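**Student:** Structure file run33.csv (CSV, C-alpha atoms) is given on the next line.
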chain,number,residue,atom,x,y,z
Q,1,MET,CA,0.0,0.0,0.0
Q,2,LEU,CA,1.1,3.5,-0.8
Q,3,ILE,CA,-0.2,6.5,1.1
Q,4,ASP,CA,0.7,9.7,-0.7
Q,5,ASP,CA,-1.2,12.8,-1.6
Q,6,GLU,CA,0.6,13.2,-4.9
Q,7,ASN,CA,-1.3,11.2,-7.5
Q,8,LEU,CA,1.4,11.5,-10.1
Q,9,PHE,CA,3.7,9.7,-7.7
Q,10,HIS,CA,1.2,6.9,-7.4
Q,11,LEU,CA,1.7,6.3,-11.1
Q,12,VAL,CA,5.5,6.4,-10.9
Q,13,PHE,CA,5.5,4.2,-7.8
Q,14,GLU,CA,3.1,1.6,-9.3
Q,15,ASP,CA,5.1,1.4,-12.5
Q,16,ALA,CA,8.5,1.2,-10.7
Q,17,CYS,CA,7.2,-1.6,-8.5
Q,18,SER,CA,5.8,-3.4,-11.5
Q,19,LEU,CA,9.0,-3.0,-13.5
Q,20,LEU,CA,11.0,-4.3,-10.5
Q,21,ASP,CA,8.6,-7.2,-10.0
Q,22,MET,CA,8.1,-5.9,-6.4
Q,23,ALA,CA,4.4,-6.5,-6.1
Q,24,LEU,CA,1.4,-7.9,-8.1
Q,25,SER,CA,-0.9,-5.2,-6.9
Q,26,ILE,CA,-0.5,-1.9,-5.1
Q,27,GLU,CA,-3.3,0.0,-3.5
Q,28,ALA,CA,-2.5,3.7,-3.7
Q,29,LEU,CA,-4.3,6.1,-1.3
Q,30,ASP,CA,-4.1,9.8,-1.2
Q,31,SER,CA,-5.2,10.3,2.4
Q,32,SER,CA,-4.0,8.9,5.7
Q,33,ASP,CA,-7.6,9.1,7.0
Q,34,GLU,CA,-8.7,6.7,4.3
Q,35,ALA,CA,-5.9,4.4,5.3
Q,36,ASP,CA,-6.9,4.7,8.9
Q,37,GLU,CA,-10.5,3.7,8.0
Q,38,LYS,CA,-9.2,0.6,6.1
Q,39,PHE,CA,-6.9,-0.5,8.9
Q,40,LYS,CA,-9.7,0.0,11.4
Q,41,ALA,CA,-12.0,-2.3,9.2
Q,42,TRP,CA,-9.3,-4.9,8.9
Q,43,PHE,CA,-8.3,-5.0,12.6
Q,44,PRO,CA,-8.1,-7.5,14.3
Q,45,ASP,CA,-9.5,-10.4,12.3
Q,46,ASN,CA,-9.1,-9.6,8.6
Q,47,THR,CA,-5.4,-10.2,7.9
Q,48,GLU,CA,-6.0,-11.4,4.4
Q,49,ASP,CA,-6.9,-8.0,3.0
Q,50,ARG,CA,-4.4,-6.1,5.0
Q,51,PRO,CA,-1.3,-5.1,2.9
Q,52,GLU,CA,2.0,-6.8,3.5
Q,53,CYS,CA,3.9,-3.6,3.2
Q,54,VAL,CA,3.0,0.1,3.6
Q,55,PHE,CA,4.8,3.1,2.2
Q,56,VAL,CA,3.7,6.3,3.9
Q,57,ASP,CA,4.5,9.9,2.7
Q,58,LEU,CA,5.7,12.2,5.5
Q,59,ASN,CA,3.5,15.2,4.7
Q,60,ILE,CA,0.1,14.1,3.4
Q,61,ILE,CA,-1.7,17.3,2.4
Q,62,GLY,CA,-5.4,17.2,3.1
Q,63,SER,CA,-5.2,14.5,5.8
Q,64,SER,CA,-5.6,14.9,9.5
Q,65,MET,CA,-2.5,12.8,10.2
Q,66,ASP,CA,1.0,13.1,8.9
Q,67,GLY,CA,3.0,10.0,8.0
Q,68,ILE,CA,4.6,9.6,11.4
Q,69,GLU,CA,1.2,9.7,13.2
Q,70,THR,CA,-0.2,7.3,10.6
Q,71,ILE,CA,2.6,4.8,11.3
Q,72,ARG,CA,2.2,5.2,15.0
Q,73,LYS,CA,-1.5,4.5,14.7
Q,74,ILE,CA,-1.1,1.5,12.5
Q,75,ASN,CA,1.6,0.0,14.7
Q,76,THR,CA,0.0,0.7,18.1
Q,77,ASP,CA,-3.7,0.6,17.4
Q,78,TYR,CA,-4.0,-1.9,14.6
Q,79,GLY,CA,-1.5,-4.6,15.6
Q,80,ASN,CA,1.8,-3.8,14.0
Q,81,GLY,CA,1.2,-6.5,11.4
Q,82,CYS,CA,2.9,-5.2,8.3
Q,83,VAL,CA,6.2,-3.9,7.0
Q,84,ILE,CA,5.9,-0.1,7.3
Q,85,GLY,CA,8.0,2.9,6.6
Q,86,ILE,CA,8.3,6.4,5.2
Q,87,ILE,CA,8.7,7.4,1.6
Q,88,SER,CA,9.5,11.1,1.4
Q,89,SER,CA,11.7,13.7,-0.3
Q,90,SER,CA,12.6,15.1,3.2
Q,91,GLU,CA,15.9,14.1,4.8
Q,92,ASP,CA,15.1,15.9,8.1
Q,93,GLU,CA,17.1,14.1,10.8
Q,94,ASP,CA,14.5,15.0,13.5
Q,95,GLU,CA,11.6,13.6,11.4
Q,96,ILE,CA,13.7,10.5,10.7
Q,97,ALA,CA,14.3,10.0,14.5
Q,98,LYS,CA,10.6,10.5,15.2
Q,99,ALA,CA,9.6,7.9,12.5
Q,100,LYS,CA,12.1,5.4,14.0
Q,101,ALA,CA,10.6,6.0,17.4
Q,102,VAL,CA,7.1,5.2,16.3
Q,103,GLY,CA,8.2,2.0,14.6
Q,104,ALA,CA,9.0,2.9,11.0
Q,105,GLN,CA,11.3,0.2,9.6
Q,106,PHE,CA,12.8,2.2,6.7
Q,107,TRP,CA,12.9,5.7,5.2
Q,108,ILE,CA,13.1,5.9,1.4
Q,109,ILE,CA,14.2,9.2,0.0
Q,110,LYS,CA,11.7,10.1,-2.8
Q,111,SER,CA,13.3,11.4,-5.9
Q,112,ASP,CA,13.2,11.1,-9.7
Q,113,ASP,CA,15.3,8.0,-9.6
Q,114,ILE,CA,13.3,5.9,-7.2
Q,115,GLU,CA,14.0,2.5,-8.8
Q,116,PRO,CA,17.6,1.9,-7.4
Q,117,ARG,CA,16.3,2.6,-3.9
Q,118,LEU,CA,13.4,0.2,-4.3
Q,119,GLU,CA,15.7,-2.4,-5.6
Q,120,GLU,CA,17.9,-2.0,-2.6
Q,121,PHE,CA,14.8,-2.1,-0.4
Q,122,MET,CA,13.8,-5.4,-1.9
Q,123,LYS,CA,17.1,-6.9,-1.0
Q,124,ASP,CA,16.4,-6.1,2.7
Q,125,TYR,CA,12.7,-6.9,2.5
Q,126,ASP,CA,12.9,-10.4,4.2
Q,127,GLY,CA,14.6,-8.8,7.1
Q,128,TYR,CA,11.8,-6.3,7.5
Q,129,ILE,CA,9.2,-9.1,7.5
Q,130,ASN,CA,11.1,-11.0,10.2
Q,131,LYS,CA,11.7,-7.8,12.1
Q,132,THR,CA,15.4,-8.5,12.1
Q,133,ALA,CA,16.6,-5.8,9.7
Q,134,PRO,CA,17.6,-2.6,11.4
Q,135,PHE,CA,16.1,0.8,10.5
Q,136,LYS,CA,17.6,1.9,7.2
Q,137,ILE,CA,17.6,5.1,5.1
Q,138,TYR,CA,17.6,4.6,1.4
Q,139,ARG,CA,19.3,7.6,-0.2
T,1,MET,CA,0.3,-19.1,-11.5
T,2,ILE,CA,-2.5,-19.7,-14.0
T,3,GLU,CA,-2.1,-22.2,-16.8
T,4,ILE,CA,-4.5,-21.3,-19.5
T,5,THR,CA,-6.6,-23.7,-21.6
T,6,GLU,CA,-5.9,-24.4,-25.3
T,7,HIS,CA,-8.9,-22.5,-26.5
T,8,THR,CA,-8.0,-19.4,-24.6
T,9,ARG,CA,-4.4,-19.8,-25.8
T,10,ASN,CA,-5.5,-19.9,-29.4
T,11,VAL,CA,-7.9,-17.0,-29.0
T,12,LEU,CA,-5.1,-14.9,-27.4
T,13,LEU,CA,-2.6,-15.7,-30.2
T,14,GLU,CA,-5.2,-15.0,-32.9
T,15,VAL,CA,-6.2,-11.7,-31.4
T,16,ALA,CA,-2.5,-10.7,-31.1
T,17,LYS,CA,-1.9,-11.8,-34.7
T,18,LYS,CA,-4.9,-10.2,-36.3
T,19,LYS,CA,-5.7,-7.2,-34.0
T,20,LYS,CA,-2.3,-6.6,-32.5
T,21,VAL,CA,-3.9,-6.7,-29.1
T,22,TYR,CA,-1.7,-8.0,-26.3
T,23,ILE,CA,-2.3,-8.8,-22.6
T,24,GLU,CA,-1.1,-6.0,-20.3
T,25,GLY,CA,-0.6,-5.3,-16.6
T,26,ASN,CA,0.2,-7.4,-13.6
T,27,PHE,CA,-2.1,-10.2,-14.8
T,28,LEU,CA,0.8,-11.1,-17.2
T,29,LYS,CA,2.9,-12.0,-14.2
T,30,ILE,CA,0.5,-14.8,-13.1
T,31,LEU,CA,0.1,-16.4,-16.5
T,32,LYS,CA,2.0,-19.5,-17.4
T,33,ALA,CA,2.6,-21.0,-20.8
T,34,PRO,CA,1.7,-24.6,-21.2
T,35,PRO,CA,4.7,-26.9,-21.1
T,36,GLU,CA,6.6,-27.2,-24.4
T,37,ASP,CA,4.5,-24.5,-25.9
T,38,LYS,CA,7.2,-22.3,-27.4
T,39,GLU,CA,4.8,-20.2,-29.4
T,40,PHE,CA,2.8,-19.1,-26.4
T,41,GLU,CA,5.9,-18.7,-24.4
T,42,GLU,CA,7.1,-16.3,-27.1
T,43,TYR,CA,3.8,-14.6,-27.0
T,44,LEU,CA,3.9,-14.1,-23.3
T,45,LYS,CA,7.5,-12.8,-23.6
T,46,LEU,CA,6.4,-10.3,-26.2
T,47,CYS,CA,3.4,-9.2,-24.0
T,48,LYS,CA,5.8,-8.6,-21.1
T,49,GLU,CA,8.2,-6.6,-23.3
T,50,LYS,CA,5.4,-4.5,-24.6
T,51,ASP,CA,4.0,-4.0,-21.1
T,52,THR,CA,7.4,-3.1,-19.7
T,53,ALA,CA,7.9,-0.6,-22.5
T,54,THR,CA,4.5,1.0,-22.0
T,55,ARG,CA,5.0,1.2,-18.2
T,56,ARG,CA,8.5,2.6,-18.6
T,57,LYS,CA,7.1,5.2,-21.1
T,58,ARG,CA,4.3,6.1,-18.8
T,59,MET,CA,6.6,6.3,-15.8
T,60,ASP,CA,9.0,8.6,-17.7
T,61,VAL,CA,6.1,10.8,-18.7
T,62,ALA,CA,4.8,10.9,-15.1
T,63,LYS,CA,8.3,11.7,-13.8
T,64,GLU,CA,8.6,14.4,-16.4
T,65,VAL,CA,5.2,15.9,-15.5
T,66,GLN,CA,6.2,15.5,-11.8
T,67,GLN,CA,9.4,17.4,-12.5
T,68,GLN,CA,7.5,20.1,-14.4
T,69,ASN,CA,5.1,20.4,-11.6
T,70,LYS,CA,8.0,20.9,-9.1
T,71,GLU,CA,9.5,23.5,-11.4
T,72,LEU,CA,6.2,25.3,-11.7
T,73,GLU,CA,5.7,25.2,-8.0
T,74,ALA,CA,9.3,26.6,-7.5
T,75,ALA,CA,8.6,29.3,-10.1
T,76,ALA,CA,5.3,30.1,-8.4
T,77,LYS,CA,7.1,30.4,-5.1
T,78,GLU,CA,9.8,32.6,-6.7
T,79,ASN,CA,7.1,34.7,-8.3
T,80,ALA,CA,5.3,35.1,-5.0
T,81,SER,CA,8.6,36.1,-3.4
T,82,LEU,CA,9.3,38.6,-6.2
T,83,MET,CA,5.8,40.0,-5.9
T,84,LYS,CA,6.4,40.4,-2.2
T,85,ASP,CA,9.7,42.1,-2.8
T,86,LEU,CA,8.1,44.3,-5.4
T,87,LYS,CA,5.3,45.2,-3.1
T,88,ILE,CA,7.8,46.2,-0.4
T,89,ALA,CA,9.9,48.2,-2.9
T,90,LEU,CA,6.7,49.9,-4.1
T,91,GLU,CA,5.7,50.7,-0.5
T,92,GLU,CA,9.3,52.0,0.1
T,93,ALA,CA,9.1,54.1,-3.0
T,94,GLU,CA,5.8,55.5,-2.0
T,95,ASN,CA,7.1,56.3,1.5
T,96,SER,CA,10.2,57.9,-0.1
T,97,LYS,CA,8.0,59.9,-2.4
T,98,ALA,CA,5.8,61.1,0.5
T,99,GLU,CA,8.9,61.9,2.5
T,100,ALA,CA,10.4,63.8,-0.5
T,101,GLU,CA,7.1,65.7,-1.0
T,102,LYS,CA,7.1,66.6,2.7
T,103,LEU,CA,10.7,67.8,2.5
T,104,ARG,CA,9.8,69.8,-0.6
T,105,ASP,CA,6.8,71.4,1.2
T,106,ASP,CA,9.0,72.1,4.2
T,107,ALA,CA,11.6,73.7,2.0
T,108,MET,CA,9.0,75.7,0.1
T,109,GLN,CA,7.5,76.9,3.4
T,110,ASP,CA,11.0,77.8,4.7
T,111,LEU,CA,11.7,79.6,1.5
T,112,GLU,CA,8.5,81.5,1.8
T,113,LEU,CA,9.2,82.4,5.4
T,114,LEU,CA,12.7,83.5,4.4
T,115,GLN,CA,11.3,85.6,1.6
T,116,GLN,CA,8.7,87.1,3.9
T,117,LYS,CA,11.3,87.7,6.6
T,118,THR,CA,13.6,89.4,4.0
T,119,GLN,CA,10.6,91.4,2.8
T,120,PHE,CA,9.7,92.5,6.3
T,121,GLU,CA,13.3,93.3,7.1
T,122,LEU,CA,13.5,95.4,3.9
T,123,ILE,CA,10.2,97.1,4.7
T,124,GLY,CA,11.5,97.7,8.3
T,125,GLN,CA,14.7,99.3,6.9
T,126,ILE,CA,12.7,101.5,4.6
T,127,VAL,CA,10.4,102.5,7.4
T,128,LYS,CA,13.3,103.3,9.7
T,129,VAL,CA,15.0,105.4,7.1
T,130,ALA,CA,11.8,107.1,6.1
T,131,LEU,CA,10.9,107.9,9.7
T,132,LEU,CA,14.4,109.0,10.4
T,133,VAL,CA,14.2,111.3,7.3
T,134,ILE,CA,10.8,112.6,8.5
T,135,VAL,CA,12.0,113.0,12.1
T,136,GLY,CA,15.2,114.6,10.8
T,137,VAL,CA,13.5,117.1,8.5
T,138,GLY,CA,10.9,117.8,11.2
T,139,LEU,CA,13.6,118.5,13.8
T,140,ILE,CA,15.7,120.6,11.5
T,141,THR,CA,12.8,122.8,10.4
T,142,SER,CA,11.5,123.0,14.0
T,143,PHE,CA,15.0,124.0,15.1
T,144,MET,CA,15.3,126.6,12.4
T,145,TYR,CA,11.8,127.9,13.2
T,146,GLY,CA,12.7,127.9,16.9
T,147,ILE,CA,15.9,129.9,16.3
T,148,ALA,CA,14.0,132.4,14.1
T,149,ILE,CA,11.5,132.9,17.0
T,150,VAL,CA,14.2,133.1,19.7
T,151,SER,CA,16.4,135.5,17.7
T,152,ASP,CA,13.3,137.6,16.9
T,153,ASN,CA,13.8,137.3,13.2
T,154,GLU,CA,11.3,137.4,10.4
T,155,THR,CA,9.0,134.3,10.7
T,156,GLU,CA,6.4,135.2,8.1
T,157,ILE,CA,7.9,132.9,5.6
T,158,ILE,CA,9.4,130.2,7.8
T,159,GLY,CA,6.3,129.9,9.9
T,160,PRO,CA,3.9,128.8,7.2
T,161,ALA,CA,6.7,126.9,5.6
T,162,TRP,CA,7.3,125.0,8.8
T,163,SER,CA,3.6,124.4,9.2
T,164,ASN,CA,3.3,123.2,5.6
T,165,MET,CA,6.4,121.1,5.9
T,166,PHE,CA,5.2,119.5,9.2
T,167,SER,CA,1.8,118.7,7.7
T,168,ILE,CA,3.4,117.2,4.7
T,169,LEU,CA,5.8,115.1,6.9
T,170,LEU,CA,2.9,113.9,9.1
T,171,THR,CA,0.8,113.1,6.0
T,172,ASN,CA,3.8,111.1,4.6
T,173,ALA,CA,4.5,109.4,7.9
T,174,PHE,CA,0.8,108.3,8.2
T,175,SER,CA,0.9,107.3,4.5
T,176,ILE,CA,4.0,105.1,5.1
T,177,VAL,CA,2.5,103.5,8.3
T,178,GLY,CA,-0.7,102.9,6.3
T,179,THR,CA,1.2,101.3,3.5
T,180,ILE,CA,3.1,99.1,5.9
T,181,MET,CA,0.0,97.9,7.6
T,182,GLY,CA,-1.7,97.3,4.3
T,183,VAL,CA,1.2,95.2,3.1
T,184,LYS,CA,1.3,93.3,6.4
T,185,TYR,CA,-2.4,92.7,6.3
T,186,ALA,CA,-2.2,91.5,2.7
T,187,THR,CA,0.7,89.2,3.5
T,188,GLU,CA,-1.1,87.6,6.5
T,189,LYS,CA,-4.3,87.2,4.4
T,190,GLU,CA,-2.2,85.3,1.7
T,191,LYS,CA,-1.0,82.9,4.3
Would it be possible to restate this file's structure as structure tokens?
**Tutor:**
Amino acid sequence: MLIDDENLFHLVFEDACSLLDMALSIEALDSSDEADEKFKAWFPDNTEDRPECVFVDLNIIGSSMDGIETIRKINTDYGNGCVIGIISSSEDEDEIAKAKAVGAQFWIIKSDDIEPRLEEFMKDYDGYINKTAPFKIYR
Amino acid sequence: MIEITEHTRNVLLEVAKKKKVYIEGNFLKILKAPPEDKEFEEYLKLCKEKDTATRRKRMDVAKEVQQQNKELEAAAKENASLMKDLKIALEEAENSKAEAEKLRDDAMQDLELLQQKTQFELIGQIVKVALLVIVGVGLITSFMYGIAIVSDNETEIIGPAWSNMFSILLTNAFSIVGTIMGVKYATEKEK
């Protein structure tokens, strides 16, 4: 799942994931509130529909929660059942520390050339599922 | 993975051959060619190549548009900043203009005051000189008339002459005072 207010990035991300064979389907949402509703509906029993991995933008315009708050809510209120992290153009150290504190497993720097970062992310993916991989920033 | 039936396979190959329509999207990733079916394997390969090319093209276009949007946003921000600077500069220019106008008015007022002062000083000087002349002439003629009376000399001529002279001097003195007051009144009225 991708939570990002920029619809153009949805296209880029979906195509990049498809080209890298990362996922068969990606649900792209433009609001963290919509994501919250979905996770609320899935929790606690419906684990089948719940996404395996969630990429959250840091600043989601038009939503009541930013990316960090969304991750905190998914991890604490809805069972911490998926690989989750931030995908943002920001490299703010304070924000990165906050994301790490709420349980984000990775931080991908969003830029024009997203594919190499996603490729690198895929290599570490098993570690994220097992919760053995340390927090990592993909620059 | 989905292994498709022979009928579906044939239809797909025929549609591709005749209509140039190929399977697209992630559905391709779960399709599997029947074993030993090289033709369908080639077809799937071609479908994947076309799909990859389309996706890459779409992604490049989306990235380009994304980049253009970023540039537009940056340009809009720069424009807003320039407009802000321009507004500040305009305000400063207006303030400077108002200040310059105020200075000009002050200077004009000072000049006017200076001119008036000079004018009054000049009038004052003229009045002083005129009054001195009047007083001087008055004193001299009175002195001469006095001497004529004291020395018991003929006063038939000097007496009326003194009287005429005095009346003329007084008239002139009042005329000067009147003129000065008139000028002063007119000047004050102009203010």
**Student:** Which value, in Å to one decimal, gives the distance between CA of Leu28 (chain T) and CA of Lys48 (chain T)?
**Tutor:**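 Straight-line distance from CA of Leu28 (chain T) to CA of Lys48 (chain T) works out to 6.8 Å.
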**Student:** Quick check, in Å to one decimal: how far apart do CA of Asp36 (chain Q) and CA of Ile74 (chain Q) lie?
**Tutor:**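 CA of Asp36 (chain Q) sits 7.5 Å away from CA of Ile74 (chain Q).
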**Student:** What lies within 7 Å of region 3-15 of chain Q using all atoms listed in the file, ignoring chain neighbours under 2 positions off, as a VMD selection string?
**Tutor:** (chain Q and resid 1 17 to 19 26 28 to 32 55 to 57 60 to 61) or (chain T and resid 55 59 62 to 63 66)
**Student:** Up to 12 Å from chain Q, what residues of chain T turn up? Count only C-alpha atoms and give them as a PyMOL selection string.
**Tutor:** chain T and resi 1+24-30+48-70
**Student:** With a distance cut-off of 12 Å and only C-alpha atoms, select the neighbouring residues of region 136-138 of chain Q, excluding the residue or stretch itself and same-chain residues fewer than 3 positions from it, and output the selection as an MDAnalysis selection string.
**Tutor:** chainID Q and resid 84:93 96:97 99:100 103:111 113:125 127:128 132:133
**Student:** Do a neighbour search on Pro35 (chain T) at 12 Å with all atoms listed in the file, toss out local chain neighbours closer than 6 positions, and write the hits as a short mmCIF file (atom, residue, chain, number, x, y, z; two decimals) with C-alpha atoms, in the frame of the given file.
**Tutor:**
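Heads up, here's the output in selection30.cif:
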data_model
loop_
_atom_site.label_atom_id
_atom_site.label_comp_id
_atom_site.auth_asym_id
_atom_site.auth_seq_id
_atom_site.Cartn_x
_atom_site.Cartn_y
_atom_site.Cartn_z
CA GLU T 3 -2.10 -22.20 -16.80
CA ILE T 4 -4.50 -21.30 -19.50
CA THR T 5 -6.60 -23.70 -21.60
CA GLU T 6 -5.90 -24.40 -25.30
CA GLU T 41 5.90 -18.70 -24.40
#
**Student:** When you draw a straight line from CA of Tyr145 (chain T) to CA of Val129 (chain T), how long is it in Å?
**Tutor:** 23.5 Å
**Student:** List the spatial neighbours of region 168-178 of chain T as number ranges by chain - criterion: any atom at most 10 Å away, all atoms listed in the file, same-chain residues fewer than 4 positions off excluded.
**Tutor:** T: 126-127, 130-131, 133-135, 137-138, 162-164, 182-184
**Student:** With C-alpha atoms kept, could you save the residues just selected as a short mmCIF file (atom, residue, chain, number, x, y, z; two decimals), in the frame of the given file?
**Tutor:**
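Resulting contents of out-v8.cif:
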data_model
loop_
_atom_site.label_atom_id
_atom_site.label_comp_id
_atom_site.auth_asym_id
_atom_site.auth_seq_id
_atom_site.Cartn_x
_atom_site.Cartn_y
_atom_site.Cartn_z
CA ILE T 126 12.70 101.50 4.60
CA VAL T 127 10.40 102.50 7.40
CA ALA T 130 11.80 107.10 6.10
CA LEU T 131 10.90 107.90 9.70
CA VAL T 133 14.20 111.30 7.30
CA ILE T 134 10.80 112.60 8.50
CA VAL T 135 12.00 113.00 12.10
CA VAL T 137 13.50 117.10 8.50
CA GLY T 138 10.90 117.80 11.20
CA TRP T 162 7.30 125.00 8.80
CA SER T 163 3.60 124.40 9.20
CA ASN T 164 3.30 123.20 5.60
CA GLY T 182 -1.70 97.30 4.30
CA VAL T 183 1.20 95.20 3.10
CA LYS T 184 1.30 93.30 6.40
#
**Student:** Quick one: everything within 12 Å of Thr76 (chain Q), counting only C-alpha atoms, minus sequence neighbours fewer than 3 positions away in the same chain. Send it as a VMD selection string.
**Tutor:** chain Q and resid 39 to 40 43 69 to 73 79 to 82 101 to 104
